[in-house]
>>> print(open('model32.pdb').read())   # PDB, C-alpha atoms
ATOM      1  CA  MET A1260      94.265 114.477 117.324
ATOM      2  CA  LYS A1261      96.033 115.545 114.157
ATOM      3  CA  CYS A1262      99.738 114.786 113.796
ATOM      4  CA  ALA A1263     102.285 115.945 111.219
ATOM      5  CA  ILE A1264     105.388 113.817 110.664
ATOM      6  CA  VAL A1265     108.372 115.247 108.813
ATOM      7  CA  CYS A1266     110.264 112.347 107.235
ATOM      8  CA  GLY A1267     113.782 112.145 105.839
ATOM      9  CA  GLY A1268     113.082 112.019 102.118
ATOM     10  CA  VAL A1269     113.742 114.894  99.734
ATOM     11  CA  LYS A1270     112.827 118.185 101.400
ATOM     12  CA  SER A1271     109.552 119.509 100.063
ATOM     13  CA  VAL A1272     106.660 121.498 101.456
ATOM     14  CA  MET A1273     106.656 121.602 105.257
ATOM     15  CA  PRO A1274     103.652 121.551 107.585
ATOM     16  CA  PRO A1275     102.333 124.999 108.494
ATOM     17  CA  SER A1276     103.199 125.861 112.080
ATOM     18  CA  ASP A1277      99.512 125.783 113.074
ATOM     19  CA  SER A1278      98.494 122.742 111.006
ATOM     20  CA  SER A1279      98.673 120.077 113.701
ATOM     21  CA  SER A1280      98.411 119.557 117.414
ATOM     22  CA  PHE A1281     101.508 117.325 117.444
ATOM     23  CA  LEU A1282     104.693 117.400 115.350
ATOM     24  CA  ILE A1283     107.167 114.529 114.973
ATOM     25  CA  ALA A1284     110.488 114.761 113.138
ATOM     26  CA  CYS A1285     112.131 111.616 111.734
ATOM     27  CA  ASP A1286     115.911 111.559 111.417
ATOM     28  CA  ARG A1287     116.856 114.031 108.644
ATOM     29  CA  GLY A1288     113.380 115.469 109.048
ATOM     30  CA  TYR A1289     114.700 117.064 112.236
ATOM     31  CA  ASP A1290     117.211 119.008 110.117
ATOM     32  CA  TYR A1291     114.345 120.192 107.907
ATOM     33  CA  CYS A1292     112.350 121.346 110.940
ATOM     34  CA  ILE A1293     115.282 123.317 112.363
ATOM     35  CA  GLU A1294     115.916 124.953 108.980
ATOM     36  CA  ASP A1295     112.273 126.099 108.842
ATOM     37  CA  GLY A1296     112.017 127.200 112.461
ATOM     38  CA  LEU A1297     109.674 124.376 113.483
ATOM     39  CA  VAL A1298     110.038 122.846 116.946
ATOM     40  CA  PRO A1299     109.037 119.157 116.998
ATOM     41  CA  ASP A1300     107.225 117.727 119.999
ATOM     42  CA  LEU A1301     109.099 114.482 119.410
ATOM     43  CA  VAL A1302     112.189 113.461 117.441
ATOM     44  CA  VAL A1303     112.491 109.844 116.265
ATOM     45  CA  GLY A1304     115.106 107.853 114.375
ATOM     46  CA  ASP A1305     118.445 106.120 114.286
ATOM     47  CA  PHE A1306     119.905 109.480 113.188
ATOM     48  CA  ASP A1307     122.151 108.044 110.506
ATOM     49  CA  SER A1308     121.260 110.946 108.199
ATOM     50  CA  SER A1309     120.762 113.917 110.543
ATOM     51  CA  SER A1310     123.508 116.510 110.858
ATOM     52  CA  LYS A1311     121.999 118.350 113.832
ATOM     53  CA  GLU A1312     122.596 117.759 117.521
ATOM     54  CA  ILE A1313     119.646 115.715 118.729
ATOM     55  CA  PRO A1314     117.749 117.055 121.772
ATOM     56  CA  LEU A1315     117.908 114.411 124.456
ATOM     57  CA  GLU A1316     114.775 115.515 126.300
ATOM     58  CA  ASN A1317     112.292 114.622 123.530
ATOM     59  CA  ALA A1318     114.150 112.139 121.337
ATOM     60  CA  VAL A1319     113.507 108.442 120.772
ATOM     61  CA  VAL A1320     116.778 106.960 119.510
ATOM     62  CA  LEU A1321     116.272 103.782 117.496
ATOM     63  CA  PRO A1322     118.861 101.108 116.674
ATOM     64  CA  HIS A1323     120.266 101.057 113.134
ATOM     65  CA  GLU A1324     119.101  97.460 112.667
ATOM     66  CA  LYS A1325     115.331  97.243 113.204
ATOM     67  CA  ASP A1326     112.127  95.997 111.604
ATOM     68  CA  ASP A1327     110.311  99.353 111.452
ATOM     69  CA  THR A1328     111.441 102.235 109.297
ATOM     70  CA  ASP A1329     111.834 105.536 111.157
ATOM     71  CA  SER A1330     108.602 106.750 109.545
ATOM     72  CA  LEU A1331     106.609 103.682 110.568
ATOM     73  CA  TYR A1332     107.918 103.862 114.125
ATOM     74  CA  ALA A1333     106.896 107.529 114.277
ATOM     75  CA  VAL A1334     103.423 106.625 113.010
ATOM     76  CA  ARG A1335     103.106 103.936 115.691
ATOM     77  CA  LEU A1336     103.997 106.516 118.350
ATOM     78  CA  ALA A1337     101.534 109.023 116.911
ATOM     79  CA  ILE A1338      98.706 106.466 117.028
ATOM     80  CA  GLU A1339      99.648 105.506 120.591
ATOM     81  CA  LYS A1340      99.314 109.180 121.543
ATOM     82  CA  GLY A1341      95.812 109.291 120.081
ATOM     83  CA  ALA A1342      96.344 110.556 116.517
ATOM     84  CA  THR A1343      93.354 109.999 114.240
ATOM     85  CA  GLN A1344      94.754 112.069 111.349
ATOM     86  CA  ILE A1345      98.374 111.850 110.204
ATOM     87  CA  GLU A1346     100.120 113.831 107.471
ATOM     88  CA  LEU A1347     103.543 112.718 106.227
ATOM     89  CA  TYR A1348     105.826 115.422 104.809
ATOM     90  CA  CYS A1349     109.160 114.986 102.985
ATOM     91  CA  ALA A1350     108.231 111.334 102.556
ATOM     92  CA  MET A1351     108.921 111.094  98.825
ATOM     93  CA  GLY A1352     111.977 111.273  96.584
ATOM     94  CA  GLY A1353     115.442 110.013  97.448
ATOM     95  CA  ARG A1354     115.807 106.259  97.699
ATOM     96  CA  PRO A1355     112.932 104.561  95.858
ATOM     97  CA  ASP A1356     112.723 101.755  98.426
ATOM     98  CA  HIS A1357     112.190 104.275 101.239
ATOM     99  CA  HIS A1358     109.665 106.104  99.068
ATOM    100  CA  PHE A1359     107.694 102.884  98.568
ATOM    101  CA  ALA A1360     108.006 101.983 102.261
ATOM    102  CA  ASN A1361     106.330 105.289 103.126
ATOM    103  CA  ILE A1362     103.439 104.410 100.816
ATOM    104  CA  GLN A1363     103.161 101.131 102.726
ATOM    105  CA  VAL A1364     102.820 103.223 105.890
ATOM    106  CA  LEU A1365      99.504 104.401 104.412
ATOM    107  CA  ALA A1366      98.346 100.772 104.384
ATOM    108  CA  PHE A1367      99.403 100.325 108.020
ATOM    109  CA  CYS A1368      97.327 103.364 108.983
ATOM    110  CA  LEU A1369      94.347 102.146 106.985
ATOM    111  CA  GLU A1370      94.411  98.883 108.967
ATOM    112  CA  LYS A1371      94.416 100.955 112.165
ATOM    113  CA  LYS A1372      91.509 103.072 110.827
ATOM    114  CA  VAL A1373      93.647 106.203 110.926
ATOM    115  CA  ASP A1374      93.402 108.786 108.135
ATOM    116  CA  CYS A1375      96.924 109.180 106.722
ATOM    117  CA  ARG A1376      98.161 111.177 103.733
ATOM    118  CA  ILE A1377     101.524 111.835 102.107
ATOM    119  CA  ILE A1378     101.818 115.498 101.170
ATOM    120  CA  SER A1379     104.490 117.053  98.950
ATOM    121  CA  ALA A1380     104.805 120.381  97.139
ATOM    122  CA  ASP A1381     102.910 119.067  94.115
ATOM    123  CA  SER A1382     101.048 115.937  95.172
ATOM    124  CA  MET A1383      98.991 114.154  97.797
ATOM    125  CA  LEU A1384      98.676 110.377  98.210
ATOM    126  CA  PHE A1385      96.245 108.330 100.273
ATOM    127  CA  LEU A1386      94.432 104.983 100.287
ATOM    128  CA  CYS A1387      90.682 104.473  99.993
ATOM    129  CA  ASP A1388      88.837 101.236 100.851
ATOM    130  CA  LYS A1389      85.233 102.481 100.819
ATOM    131  CA  SER A1390      84.273 105.926  99.562
ATOM    132  CA  CYS A1391      85.727 109.419  99.680
ATOM    133  CA  MET A1392      85.383 112.891  98.214
ATOM    134  CA  VAL A1393      88.507 114.465  96.697
ATOM    135  CA  LYS A1394      88.568 118.263  96.380
ATOM    136  CA  LYS A1395      90.292 119.827  93.395
ATOM    137  CA  GLU A1396      92.147 122.538  95.320
ATOM    138  CA  SER A1397      95.312 123.270  93.264
ATOM    139  CA  TYR A1398      95.651 119.800  91.745
ATOM    140  CA  THR A1399      95.514 119.099  88.014
ATOM    141  CA  TYR A1400      95.330 115.311  87.795
ATOM    142  CA  LEU A1401      93.740 112.558  89.830
ATOM    143  CA  SER A1402      95.160 109.069  89.363
ATOM    144  CA  VAL A1403      93.587 105.986  90.913
ATOM    145  CA  PHE A1404      95.435 102.663  91.108
ATOM    146  CA  SER A1405      94.598  99.262  92.511
ATOM    147  CA  TRP A1406      96.735  98.872  95.646
ATOM    148  CA  THR A1407      95.439  95.351  96.161
ATOM    149  CA  GLU A1408      95.677  92.798  93.353
ATOM    150  CA  LYS A1409      92.220  93.800  92.173
ATOM    151  CA  CYS A1410      89.599  96.373  93.094
ATOM    152  CA  SER A1411      85.983  95.695  92.158
ATOM    153  CA  GLY A1412      82.948  97.927  92.169
ATOM    154  CA  VAL A1413      85.006 101.039  91.482
ATOM    155  CA  SER A1414      83.035 104.194  90.695
ATOM    156  CA  ILE A1415      84.407 107.640  89.833
ATOM    157  CA  LYS A1416      82.009 110.575  89.527
ATOM    158  CA  GLY A1417      82.613 114.272  88.882
ATOM    159  CA  ALA A1418      85.708 113.539  86.762
ATOM    160  CA  LYS A1419      86.471 113.907  83.065
ATOM    161  CA  TYR A1420      86.580 110.111  82.767
ATOM    162  CA  SER A1421      83.913 108.458  84.881
ATOM    163  CA  LEU A1422      83.658 104.830  85.951
ATOM    164  CA  GLU A1423      80.703 102.879  87.234
ATOM    165  CA  ASP A1424      81.088  99.574  89.053
ATOM    166  CA  ALA A1425      84.360  98.860  87.214
ATOM    167  CA  GLU A1426      87.272  96.581  88.042
ATOM    168  CA  LEU A1427      90.857  97.819  88.394
ATOM    169  CA  SER A1428      93.919  95.603  88.609
ATOM    170  CA  GLN A1429      97.585  96.083  89.443
ATOM    171  CA  ALA A1430      98.476  95.026  85.904
ATOM    172  CA  PHE A1431      96.639  97.819  84.064
ATOM    173  CA  PRO A1432      96.829 101.506  85.117
ATOM    174  CA  ILE A1433      93.556 102.598  83.530
ATOM    175  CA  GLY A1434      92.909 105.116  86.306
ATOM    176  CA  ILE A1435      95.880 107.380  85.570
ATOM    177  CA  SER A1436      95.684 111.113  84.714
ATOM    178  CA  ASN A1437      92.010 111.785  85.247
ATOM    179  CA  GLU A1438      90.806 115.371  85.701
ATOM    180  CA  TRP A1439      88.214 117.229  87.727
ATOM    181  CA  GLN A1440      84.995 118.312  86.020
ATOM    182  CA  ASP A1441      83.530 119.636  89.245
ATOM    183  CA  ASN A1442      85.187 121.004  92.374
ATOM    184  CA  GLN A1443      85.290 117.519  93.839
ATOM    185  CA  ILE A1444      85.414 113.944  92.654
ATOM    186  CA  SER A1445      83.535 111.099  94.309
ATOM    187  CA  LEU A1446      85.403 107.786  94.590
ATOM    188  CA  SER A1447      84.065 104.485  95.855
ATOM    189  CA  VAL A1448      85.176 100.863  95.849
ATOM    190  CA  LYS A1449      83.216  97.813  96.981
ATOM    191  CA  LYS A1450      86.137  95.409  97.358
ATOM    192  CA  GLY A1451      89.864  96.113  97.520
ATOM    193  CA  ILE A1452      91.958  99.191  98.253
ATOM    194  CA  LEU A1453      92.598 102.131  95.932
ATOM    195  CA  LEU A1454      95.792 104.175  95.898
ATOM    196  CA  VAL A1455      94.791 107.761  95.109
ATOM    197  CA  MET A1456      97.253 110.360  93.827
ATOM    198  CA  CYS A1457      96.414 114.037  93.357
ATOM    199  CA  VAL A1458      99.067 115.765  91.254
ATOM    200  CA  MET A1459      99.732 119.357  90.191
ATOM    201  CA  GLY A1460     100.702 120.072  86.578
ATOM    202  CA  ASP A1461     103.307 117.960  84.827
ATOM    203  CA  SER A1462     106.021 118.180  87.486
ATOM    204  CA  LEU A1463     108.094 115.052  88.063
ATOM    205  CA  THR A1464     109.383 116.077  91.509
TER     206      THR A1464
END
>>> encode(input="model32.pdb", output="structure tokens")
Amino acid sequence: MKCAIVCGGVKSVMPPSDSSSFLIACDRGYDYCIEDGLVPDLVVGDFDSSSKEIPLENAVVLPHEKDDTDSLYAVRLAIEKGATQIELYCAMGGRPDHHFANIQVLAFCLEKKVDCRIISADSMLFLCDKSCMVKKESYTYLSVFSWTEKCSGVSIKGAKYSLEDAELSQAFPIGISNEWQDNQISLSVKKGILLVMCVMGDSLT
């Protein structure tokens, strides 16, 4: 099952109405859904940032003081309901700590063997621990970072700057601002986890 989760970060691109079989709104994300005419299957959060009246029939109200962020709790629920693909929308911008926490949600999903991506109007983020193909689509740059302390056996093919069995570390961002030579780039890593960012143009939002 594919699930789209609309988070409470800065409003950006929203999931198409037919893009998922299940839609979850997190806190302010419920406001975004209502504004765009989307009807969530489930609404989750402590609702400290939502201005809309919360529907009682499909809402999970969380306490203000909790271990999980609203986004992580929503991801847990999605996985419990059988989601194997999760897309996070409006998960970036705003408070930098919440932004980073949403990137950590990608790591949680990777541990659960669930494909999870953060999608905004001009970027897509995901983690890779083995191999993957990344299509160019409308993106301009592909940046690859070491999410773990080090990544070894890193290979990048089909890009302007290729790598073969290289090592990346958190202390040196050598994988930033690569470009597609072909319609898709092949990434692989033998040990460690890569953070992959696909970015359009030079936008900073």
>>> closest_residue(input="model32.pdb", among="A:Ile1293, A:Leu1347, A:Val1319, A:Ile1338", to="Val1272 of chain A", atoms="all atoms listed in the file")
A:Leu1347
>>> atom_distance(input="model32.pdb", atom1="atom CA of Asp1277 of chain A", atom2="atom CA of Gly1296 of chain A")
12.6 Å
>>> closest_residue(input="model32.pdb", among="A:Ile1444, A:Val1269, A:Leu1427, A:Val1298", to="His1357 of chain A", atoms="all atoms listed in the file")
A:Val1269
>>> resolve_selection(input="model32.pdb", expression="the PyMOL selection byres ((chain A and resi 1456) around 9)", output="MDAnalysis selection string")
chainID A and resid 1382:1386 1400:1404 1435 1454:1455 1457:1458
>>> closest_residue(input="model32.pdb", among="A:Ile1378, A:Val1320, A:Val1265, A:Val1393", to="Leu1297 of chain A", atoms="only C-alpha atoms")
A:Val1265
>>> residues_near_point(input="model32.pdb", point="(102.0, 121.2, 122.3)", cutoff="8 Å", atoms="all atoms listed in the file", output="tab-separated table (two decimals) with C-alpha atoms, in the frame of the given file")
chain	number	residue	atom	x	y	z
A	1280	SER	CA	98.41	119.56	117.41
A	1281	PHE	CA	101.51	117.32	117.44
A	1300	ASP	CA	107.22	117.73	120.00
>>> axis_aligned_box(input="model32.pdb", around="segment 1343-1362 of chain A", padding_each_side="5 Å", output="JSON")
{"center_x": 104.6, "center_y": 108.6, "center_z": 105.0, "size_x": 32.5, "size_y": 23.7, "size_z": 28.4}
>>> closest_residue(input="model32.pdb", among="A:Ala1360, A:Ser1405, A:Glu1396, A:Thr1343", to="Lys1372 of chain A", atoms="all atoms listed in the file")
A:Thr1343
>>> residues_around(input="model32.pdb", residues="Ser1445 of chain A", least_positions_apart="6", cutoff="6 Å", atoms="all atoms listed in the file", output="VMD selection string")
chain A and resid 1392 1415 to 1416
>>> residues_around(input="model32.pdb", residues="Ala1333 of chain A", least_positions_apart="2", cutoff="12 Å", atoms="all atoms listed in the file", output="JSON, numbers by chain")
{"A": [1262, 1263, 1264, 1265, 1266, 1267, 1281, 1282, 1283, 1284, 1285, 1286, 1288, 1300, 1301, 1302, 1303, 1304, 1305, 1318, 1319, 1320, 1321, 1327, 1328, 1329, 1330, 1331, 1335, 1336, 1337, 1338, 1339, 1340, 1342, 1345, 1346, 1347, 1361, 1364, 1368]}
>>> closest_residue(input="model32.pdb", among="A:Cys1349, A:Gln1344, A:Pro1355, A:Tyr1289", to="Arg1376 of chain A", atoms="only C-alpha atoms")
A:Gln1344
>>> closest_residue(input="model32.pdb", among="A:Val1373, A:Val1448, A:Ala1366, A:Ile1433", to="Asp1388 of chain A", atoms="all atoms listed in the file")
A:Val1448
>>> atom_distance(input="model32.pdb", atom1="atom CA of Lys1261 of chain A", atom2="atom CA of Phe1367 of chain A")
16.8 Å
>>> atom_distance(input="model32.pdb", atom1="atom CA of Glu1408 of chain A", atom2="atom CA of Lys1325 of chain A")
28.3 Å
>>> resolve_selection(input="model32.pdb", expression="the PyMOL selection byres ((chain A and resi 1441) around 8)", output="PyMOL selection string")
chain A and resi 1395+1417-1418+1439-1440+1442-1444
>>> resolve_selection(input="model32.pdb", expression="the PyMOL selection byres ((chain A and resi 1425) around 9)", output="VMD selection string")
chain A and resid 1410 to 1414 1422 to 1424 1426 to 1427 1448
>>> residues_around(input="model32.pdb", residues="Gly1352 of chain A", least_positions_apart="4", cutoff="10 Å", atoms="all atoms listed in the file", output="short mmCIF file (atom, residue, chain, number, x, y, z; two decimals) with C-alpha atoms, in the coordinates of the input")
data_model
loop_
_atom_site.label_atom_id
_atom_site.label_comp_id
_atom_site.auth_asym_id
_atom_site.auth_seq_id
_atom_site.Cartn_x
_atom_site.Cartn_y
_atom_site.Cartn_z
CA GLY A 1267 113.78 112.14 105.84
CA GLY A 1268 113.08 112.02 102.12
CA VAL A 1269 113.74 114.89 99.73
CA LYS A 1270 112.83 118.18 101.40
CA SER A 1271 109.55 119.51 100.06
CA ASP A 1356 112.72 101.76 98.43
CA HIS A 1357 112.19 104.28 101.24
CA HIS A 1358 109.66 106.10 99.07
CA PHE A 1359 107.69 102.88 98.57
CA SER A 1379 104.49 117.05 98.95
CA THR A 1464 109.38 116.08 91.51
#
>>> build_atoms(input="model32.pdb", residues="segment 1274-1285 of chain A", atoms="all heavy atoms", output="PDB file, in the coordinates of the input")
ATOM      1  N   PRO A1274     104.960 121.266 106.970  1.00  0.00           N
ATOM      2  CA  PRO A1274     103.652 121.551 107.585  1.00  0.00           C
ATOM      3  C   PRO A1274     103.596 122.980 108.106  1.00  0.00           C
ATOM      4  O   PRO A1274     104.570 123.464 108.693  1.00  0.00           O
ATOM      5  CB  PRO A1274     103.579 120.538 108.738  1.00  0.00           C
ATOM      6  CG  PRO A1274     104.990 120.176 109.030  1.00  0.00           C
ATOM      7  CD  PRO A1274     105.708 120.243 107.718  1.00  0.00           C
ATOM      8  N   PRO A1275     102.487 123.672 107.888  1.00  0.00           N
ATOM      9  CA  PRO A1275     102.333 124.999 108.494  1.00  0.00           C
ATOM     10  C   PRO A1275     102.443 124.894 110.009  1.00  0.00           C
ATOM     11  O   PRO A1275     102.082 123.869 110.596  1.00  0.00           O
ATOM     12  CB  PRO A1275     100.919 125.420 108.065  1.00  0.00           C
ATOM     13  CG  PRO A1275     100.618 124.590 106.870  1.00  0.00           C
ATOM     14  CD  PRO A1275     101.330 123.288 107.077  1.00  0.00           C
ATOM     15  N   SER A1276     102.943 125.916 110.640  1.00  0.00           N
ATOM     16  CA  SER A1276     103.199 125.861 112.080  1.00  0.00           C
ATOM     17  C   SER A1276     101.935 125.625 112.893  1.00  0.00           C
ATOM     18  O   SER A1276     101.990 125.125 114.012  1.00  0.00           O
ATOM     19  CB  SER A1276     103.874 127.151 112.544  1.00  0.00           C
ATOM     20  OG  SER A1276     103.070 128.280 112.224  1.00  0.00           O
ATOM     21  N   ASP A1277     100.766 125.956 112.339  1.00  0.00           N
ATOM     22  CA  ASP A1277      99.512 125.783 113.074  1.00  0.00           C
ATOM     23  C   ASP A1277      98.662 124.648 112.509  1.00  0.00           C
ATOM     24  O   ASP A1277      97.470 124.556 112.788  1.00  0.00           O
ATOM     25  CB  ASP A1277      98.705 127.078 113.055  1.00  0.00           C
ATOM     26  CG  ASP A1277      98.349 127.514 111.630  1.00  0.00           C
ATOM     27  OD1 ASP A1277      98.918 126.942 110.679  1.00  0.00           O
ATOM     28  OD2 ASP A1277      97.509 128.419 111.487  1.00  0.00           O
ATOM     29  N   SER A1278      99.285 123.751 111.720  1.00  0.00           N
ATOM     30  CA  SER A1278      98.494 122.742 111.006  1.00  0.00           C
ATOM     31  C   SER A1278      98.206 121.500 111.821  1.00  0.00           C
ATOM     32  O   SER A1278      97.393 120.675 111.435  1.00  0.00           O
ATOM     33  CB  SER A1278      99.219 122.329 109.720  1.00  0.00           C
ATOM     34  OG  SER A1278     100.405 121.614 110.036  1.00  0.00           O
ATOM     35  N   SER A1279      98.871 121.308 112.941  1.00  0.00           N
ATOM     36  CA  SER A1279      98.673 120.077 113.701  1.00  0.00           C
ATOM     37  C   SER A1279      98.808 120.347 115.189  1.00  0.00           C
ATOM     38  O   SER A1279      99.377 121.348 115.615  1.00  0.00           O
ATOM     39  CB  SER A1279      99.696 119.013 113.275  1.00  0.00           C
ATOM     40  OG  SER A1279     101.010 119.433 113.600  1.00  0.00           O
ATOM     41  N   SER A1280      98.282 119.437 115.966  1.00  0.00           N
ATOM     42  CA  SER A1280      98.411 119.557 117.414  1.00  0.00           C
ATOM     43  C   SER A1280      99.662 118.841 117.915  1.00  0.00           C
ATOM     44  O   SER A1280     100.029 118.985 119.069  1.00  0.00           O
ATOM     45  CB  SER A1280      97.168 118.989 118.100  1.00  0.00           C
ATOM     46  OG  SER A1280      96.955 117.643 117.727  1.00  0.00           O
ATOM     47  N   PHE A1281     100.310 118.070 117.039  1.00  0.00           N
ATOM     48  CA  PHE A1281     101.508 117.325 117.444  1.00  0.00           C
ATOM     49  C   PHE A1281     102.434 117.188 116.241  1.00  0.00           C
ATOM     50  O   PHE A1281     101.973 116.887 115.140  1.00  0.00           O
ATOM     51  CB  PHE A1281     101.120 115.940 117.980  1.00  0.00           C
ATOM     52  CG  PHE A1281     102.163 115.332 118.879  1.00  0.00           C
ATOM     53  CD1 PHE A1281     102.266 115.722 120.196  1.00  0.00           C
ATOM     54  CD2 PHE A1281     103.044 114.368 118.396  1.00  0.00           C
ATOM     55  CE1 PHE A1281     103.231 115.152 121.034  1.00  0.00           C
ATOM     56  CE2 PHE A1281     103.999 113.805 119.220  1.00  0.00           C
ATOM     57  CZ  PHE A1281     104.094 114.197 120.543  1.00  0.00           C
ATOM     58  N   LEU A1282     103.717 117.438 116.447  1.00  0.00           N
ATOM     59  CA  LEU A1282     104.693 117.400 115.350  1.00  0.00           C
ATOM     60  C   LEU A1282     105.827 116.450 115.699  1.00  0.00           C
ATOM     61  O   LEU A1282     106.464 116.581 116.751  1.00  0.00           O
ATOM     62  CB  LEU A1282     105.253 118.802 115.094  1.00  0.00           C
ATOM     63  CG  LEU A1282     106.370 118.928 114.043  1.00  0.00           C
ATOM     64  CD1 LEU A1282     105.865 118.493 112.670  1.00  0.00           C
ATOM     65  CD2 LEU A1282     106.895 120.359 113.983  1.00  0.00           C
ATOM     66  N   ILE A1283     106.076 115.490 114.805  1.00  0.00           N
ATOM     67  CA  ILE A1283     107.167 114.529 114.973  1.00  0.00           C
ATOM     68  C   ILE A1283     108.153 114.701 113.833  1.00  0.00           C
ATOM     69  O   ILE A1283     107.757 114.822 112.668  1.00  0.00           O
ATOM     70  CB  ILE A1283     106.646 113.073 114.996  1.00  0.00           C
ATOM     71  CG1 ILE A1283     105.657 112.869 116.141  1.00  0.00           C
ATOM     72  CG2 ILE A1283     107.812 112.090 115.126  1.00  0.00           C
ATOM     73  CD1 ILE A1283     105.043 111.464 116.181  1.00  0.00           C
ATOM     74  N   ALA A1284     109.437 114.709 114.153  1.00  0.00           N
ATOM     75  CA  ALA A1284     110.488 114.761 113.138  1.00  0.00           C
ATOM     76  C   ALA A1284     111.220 113.429 113.110  1.00  0.00           C
ATOM     77  O   ALA A1284     111.565 112.883 114.156  1.00  0.00           O
ATOM     78  CB  ALA A1284     111.468 115.890 113.435  1.00  0.00           C
ATOM     79  N   CYS A1285     111.426 112.891 111.901  1.00  0.00           N
ATOM     80  CA  CYS A1285     112.131 111.616 111.734  1.00  0.00           C
ATOM     81  C   CYS A1285     113.510 111.852 111.141  1.00  0.00           C
ATOM     82  O   CYS A1285     113.631 112.330 110.007  1.00  0.00           O
ATOM     83  CB  CYS A1285     111.357 110.696 110.790  1.00  0.00           C
ATOM     84  SG  CYS A1285     109.872 110.023 111.473  1.00  0.00           S
TER      85      CYS A1285
END
